[in-house]
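Student: Handing you this structure, nothing more for now.
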Protein chains: 2
Amino acid sequence: MATAERNRSAERIERDIETLAGPEYTLSDEAIRRYAYTDVYRRTLDYFTRELESLGFEVEEDAVGTLVARNRPEGEPVFGVGSHCDSNRNGGKYDGTMGVVTALEVCRLNAARALDLPLQLISFLEEEGSGFGQMLLGSRIIAQRVTEEELRERFRSLDDGRSFWECAADAGYQPVRWRECAHVLDDLTGWIEMHIEQARVLQDTGNRIGLVTAIAGYVHADVVVHGRGDHAGATPMDFRLDPTLPLAETIVELERLAREAGQGTVGTIGEIEVDPGIINAIAARVRFSLDIRGPVEDAYRGVARDIAAFAQQAAEQRGMTAEYRERQTLPATPMDERIVAALEAAAQATGEPFMRMHSGAAHDTMCVADRVPTAMVFVPCVEGISHHPAEDASPADAALAAEIILEAIRALT
Amino acid sequence: MATAERNRSAERIERDIETLAGPEYTLSDEAIRRYAYTDVYRRTLDYFTRELESLGFEVEEDAVGTLVARNRPEGEPVFGVGSHCDSNRNGGKYDGTMGVVTALEVCRLNAARALDLPLQLISFLEEEGSGFGQMLLGSRIIAQRVTEEELRERFRSLDDGRSFWECAADAGYQPVRWRECAHVLDDLTGWIEMHIEQARVLQDTGNRIGLVTAIAGYVHADVVVHGRGDHAGATPMDFRLDPTLPLAETIVELERLAREAGQGTVGTIGEIEVDPGIINAIAARVRFSLDIRGPVEDAYRGVARDIAAFAQQAAEQRGMTAEYRERQTLPATPMDERIVAALEAAAQATGEPFMRMHSGAAHDTMCVADRVPTAMVFVPCVEGISHHPAEDASPADAALAAEIILEAIRALT
């Protein structure tokens with residue numbers, strides 16, 4: 001593709017991104033804050049609808065509000081592209097939205113070059129969970145990974161406590177037909193989502209494109225160490241049961257275990273809660289979270305198993321006890337090698353630097369992968385900053401991604 | 001002293017303690033909650049006043065409310081005994097109050113045995129800081145370790161935000177005369193405070209009496225480690241600046257340094273604050289507190305210096321930075337060896353098990369020691385539990401302490 005065409009792509013992508021960062025499209029003037037059933041979210045869907053209709057796409061929304069646009073009648077095979085256009089509450093311009101914008105650019109290039117590839121663009125509802133505290137909600141509804149009771153009762157608006165069901169109905173949707181959302185994927189022969197990387201691997205390795213080979217699975221868990229709350233001044237070192245010591249040893253060991261496991265395994269202790277948490281008291285109890293992930297099931301699950309045992313042993317060696325409780329686990333999602341290979345060939349043809357990598361973050365594509373061969377394309381984001389107003393990414397990289405995705409789909413269909 | 005007399009002492013002490021744990025003397029029905037200028041505190045002072053007046057003592061309160069009772073006219077030398085009778089907000093029956101009750105018992109025994117020793121009992125105002133968030137407030141006013149601006153403006157009621165000055169005036173005191181409180185110590189030839197230990201050393205070593213040789217000094221400080229907040233899933237282990245690692249290494253090193261320093265040095269990390277503190281984010285920043293104490297100045301200050309350097313180095317080795325900031329320091333307070341020796345001789349004479357030890361906790365006696373030779377006597381508290389409704393101590397041990405204190409004063413005057 002000529003440099004001039006790629007520059008025009010980048011300009012269109014930049015215009016879309018900047019438009020959707022305007023005051024009509026965000027609830028906050030200090031961040032992008034956009035989620036389901038708000039006016040700003042409605043206007044965002046309307047923007048994509050107008051752009052896609054101008055390309056001849058038929059645009060509709062599923063029973064709860066996921067946007068689906070196709071250039072073929074229902075029942076005919078199509079190749080899927082898209083992402084999500086909601087943000088976290090203190091978000092930036094790129095997470096999600098740049099993926100939908102890039103998918104739109106794929107549709108534009110398809111029209112501009114008169115390729116007439118069969119395409120379906122999807123913009124999933126509520127990926128970030130800003131509306132109801134539920135991540136990947138639109139794609140989980142499509143994958144039927146929710147229950148009706150959750151939608152009717154358990155999932156509630158973070159703003160006013162009303163149920164998801166009530167909010168969806170008030171916005172003009174038909175939540176009672178939520179099971180029909182599964183049909184969104186019926187005609188897909190493949191799926192490619194573009195997203196910003198949300199980390200610094202591409203930036204720091206000088207690559208413009210990441211081809212995702214797997215999305216990491218994870219274990220989310222808590223460890224509680226029970227010590228004995230004593231006076232920090234009056235209790236000699238030999239008389240203590242201080243639960244911050246097993247905590248400290250576990251932090252160090254988790255780093256060692258994750259490095260030893262390799263294969264993209266990572267482990268993080270992001271929450272630490274000390275009870276009572278005052279300067280002159282030895283803690284009675286410490287709770288900390290574990291976030292252990294990786295694209296290789298055996299590797300990250302092994303780390304989770306080992307660190308749980310280690311924490312218990314570290315506590316026992318000091319005369320304390322520790323409990324390990326899993327909050328949530330999600331298996332790793334391998335991408336489809338045929339699609340990854342097509343993307344790789346297309347990336348190779350551009351002459352631009354790219355790499356294979358896995359995604360440590362979760363994405364809607366995890367829910368698509370149940371039924372459809374999928375892949376993802378990452379572009380760098382500056383300093384790895386994401387979920388923050390300072391989030392930054394390059395329209396030129398997104399234009400490169402659009403070109404690679406289009407060429408891969410052309411090769412695959 | 002005959003067992004029968006000591007048993008009667010224990011009975012009187014128990015009666016006092018149980019009376020002052022009744023509903024008229026606490027704001028809470030689940031804990032002892034008693035602090036300056038409340039009705040329950042007023043009634044507690046009235047109780048001691050009645051008991052002391054019945055022994056022929058003249059009782060007054062200083063310009064802000066510290067109770068002072070003497071069996072000699074002003075200007076004549078007296079030996080001081082006492083403690084404080086306020087509690088922390090979720091307190092037990094013994095911390096402070098048992099010390100005043102035991103001092104009262106010393107006065108009773110002095111009368112019963114017609115020894116006519118010159119005594120002055122003091123019950124200091126606001127040792128726990130429950131009223132205004134200021135520990136040792138009454139004794140600091142007496143030691144003139146406060147400023148008028150603090151009393152007038154900065155120290156404010158935790159209940160309603162009014163200044164200490166206004167609250168004291170409303171309770172009928174004359175805060176404008178606060179400098180005169182210094183005279184409370186003018187006639188003292190010595191001072192002995194009895195207190196529960198607030199730790200488990202006496203219990204676990206099988207001693208009934210602790211003779212305090214020094215009150216620990218301390219360094220209170222904060223360390224902030226600046227890392228880089230990244231996505232917990234998307235950021236490989238080699239790309240992280242995770243401030244929980246220097247935290248962990250510092251926790252482990254502080255334990256090592258405190259043990260190595262010995263001589264009663266202790267070190268505690270009681271507060272840990274992780275920012276942002278969510279399961280799927282590598283922390284951007286960790287703040288933690290340091291509480292480092294000991295009776296030997298060089299030892300505990302050395303640990304504070306070493307751990308500050310260690311934390312900075314641990315952060316730097318991982319490409320991060322750490323700041324160390326002192327909040328407050330207080331020098332160690334040695335007790336007067338002549339008084340300690342007199343207490344030791346008296347303890348020896350009882351045949352009961354006792355030990356020399358230091359106090360890790362701060363006490364009003366630290367403020368008395370500026371001007372008067374002082375000592376303290378500890379009695380065991382069950383499981384070291386203090387500042388809690390479950391606090392428990394033995395009236396028989398307090399009776400033993402009263403006997404030892406009385407005999408020591410007799411030997412000293």
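How things are named: the first chain in the structure tokens is A, the next is B, and so on; residues count from 1 in each chain; ligands count from 1 in the order shown.
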Can you pull out every residue from region 255-342 of chain B that DSSP, working from the backbone, puts in helix (DSSP H, G or I), and format the result as an NGL selection string?

Tutor: :B and (255-261 or 297-317 or 337-342)

Student: Compute the set of chain B residues within 7 Å of chain A, using only C-alpha atoms, and express it as a ChimeraX atom specification.

Tutor: /B:198-199,230-237,245,248-249,251-252,259,264,266,268-272,274,277-283,289-291,293,359-361,385

Student: Can you measure CA of Asp46 (chain A) to CA of Thr147 (chain A) for me? One decimal in Å is fine.

Tutor: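 Atom-to-atom, CA of Asp46 (chain A) to CA of Thr147 (chain A), that is 29.1 Å.
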
Student: Could you name the residues that touch region 114-128 of chain A at 8 Å or less, counting only C-alpha atoms, but leaving out those on the same chain fewer than 5 positions away, as an MDAnalysis selection string?

Tutor: chainID A and resid 35:36 64:72 77:88 100 103:104 107 133:139 188 363:364 409:410 413

Student: Just how far from CA of Phe48 (chain B) is CA of Ala347 (chain B), in Å to one decimal?

Tutor: 26.8 Å

Student: May I have the residues within 10 Å of Ala31 (chain A) as a list in words, using only C-alpha atoms and disregarding those fewer than 4 positions away in the same chain?

Tutor: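 In the requested form, the answer reads Ala21, Thr26, Leu27, Ser87, Asn88, Arg89, Asn90, Gly91, Gly92, Lys93, His387, His388, Pro389, Ala390 and Glu391 of chain A.
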
Student: What is the distance between CA of Gly206 (chain A) and CA of Ala345 (chain A), in Å to one decimal?

Tutor: 19.1 Å

Student: Could you pull out the residues in region 74-171 of chain B that DSSP calls strand (DSSP E or B) from the backbone, as a count of residues only?

Tutor: 16
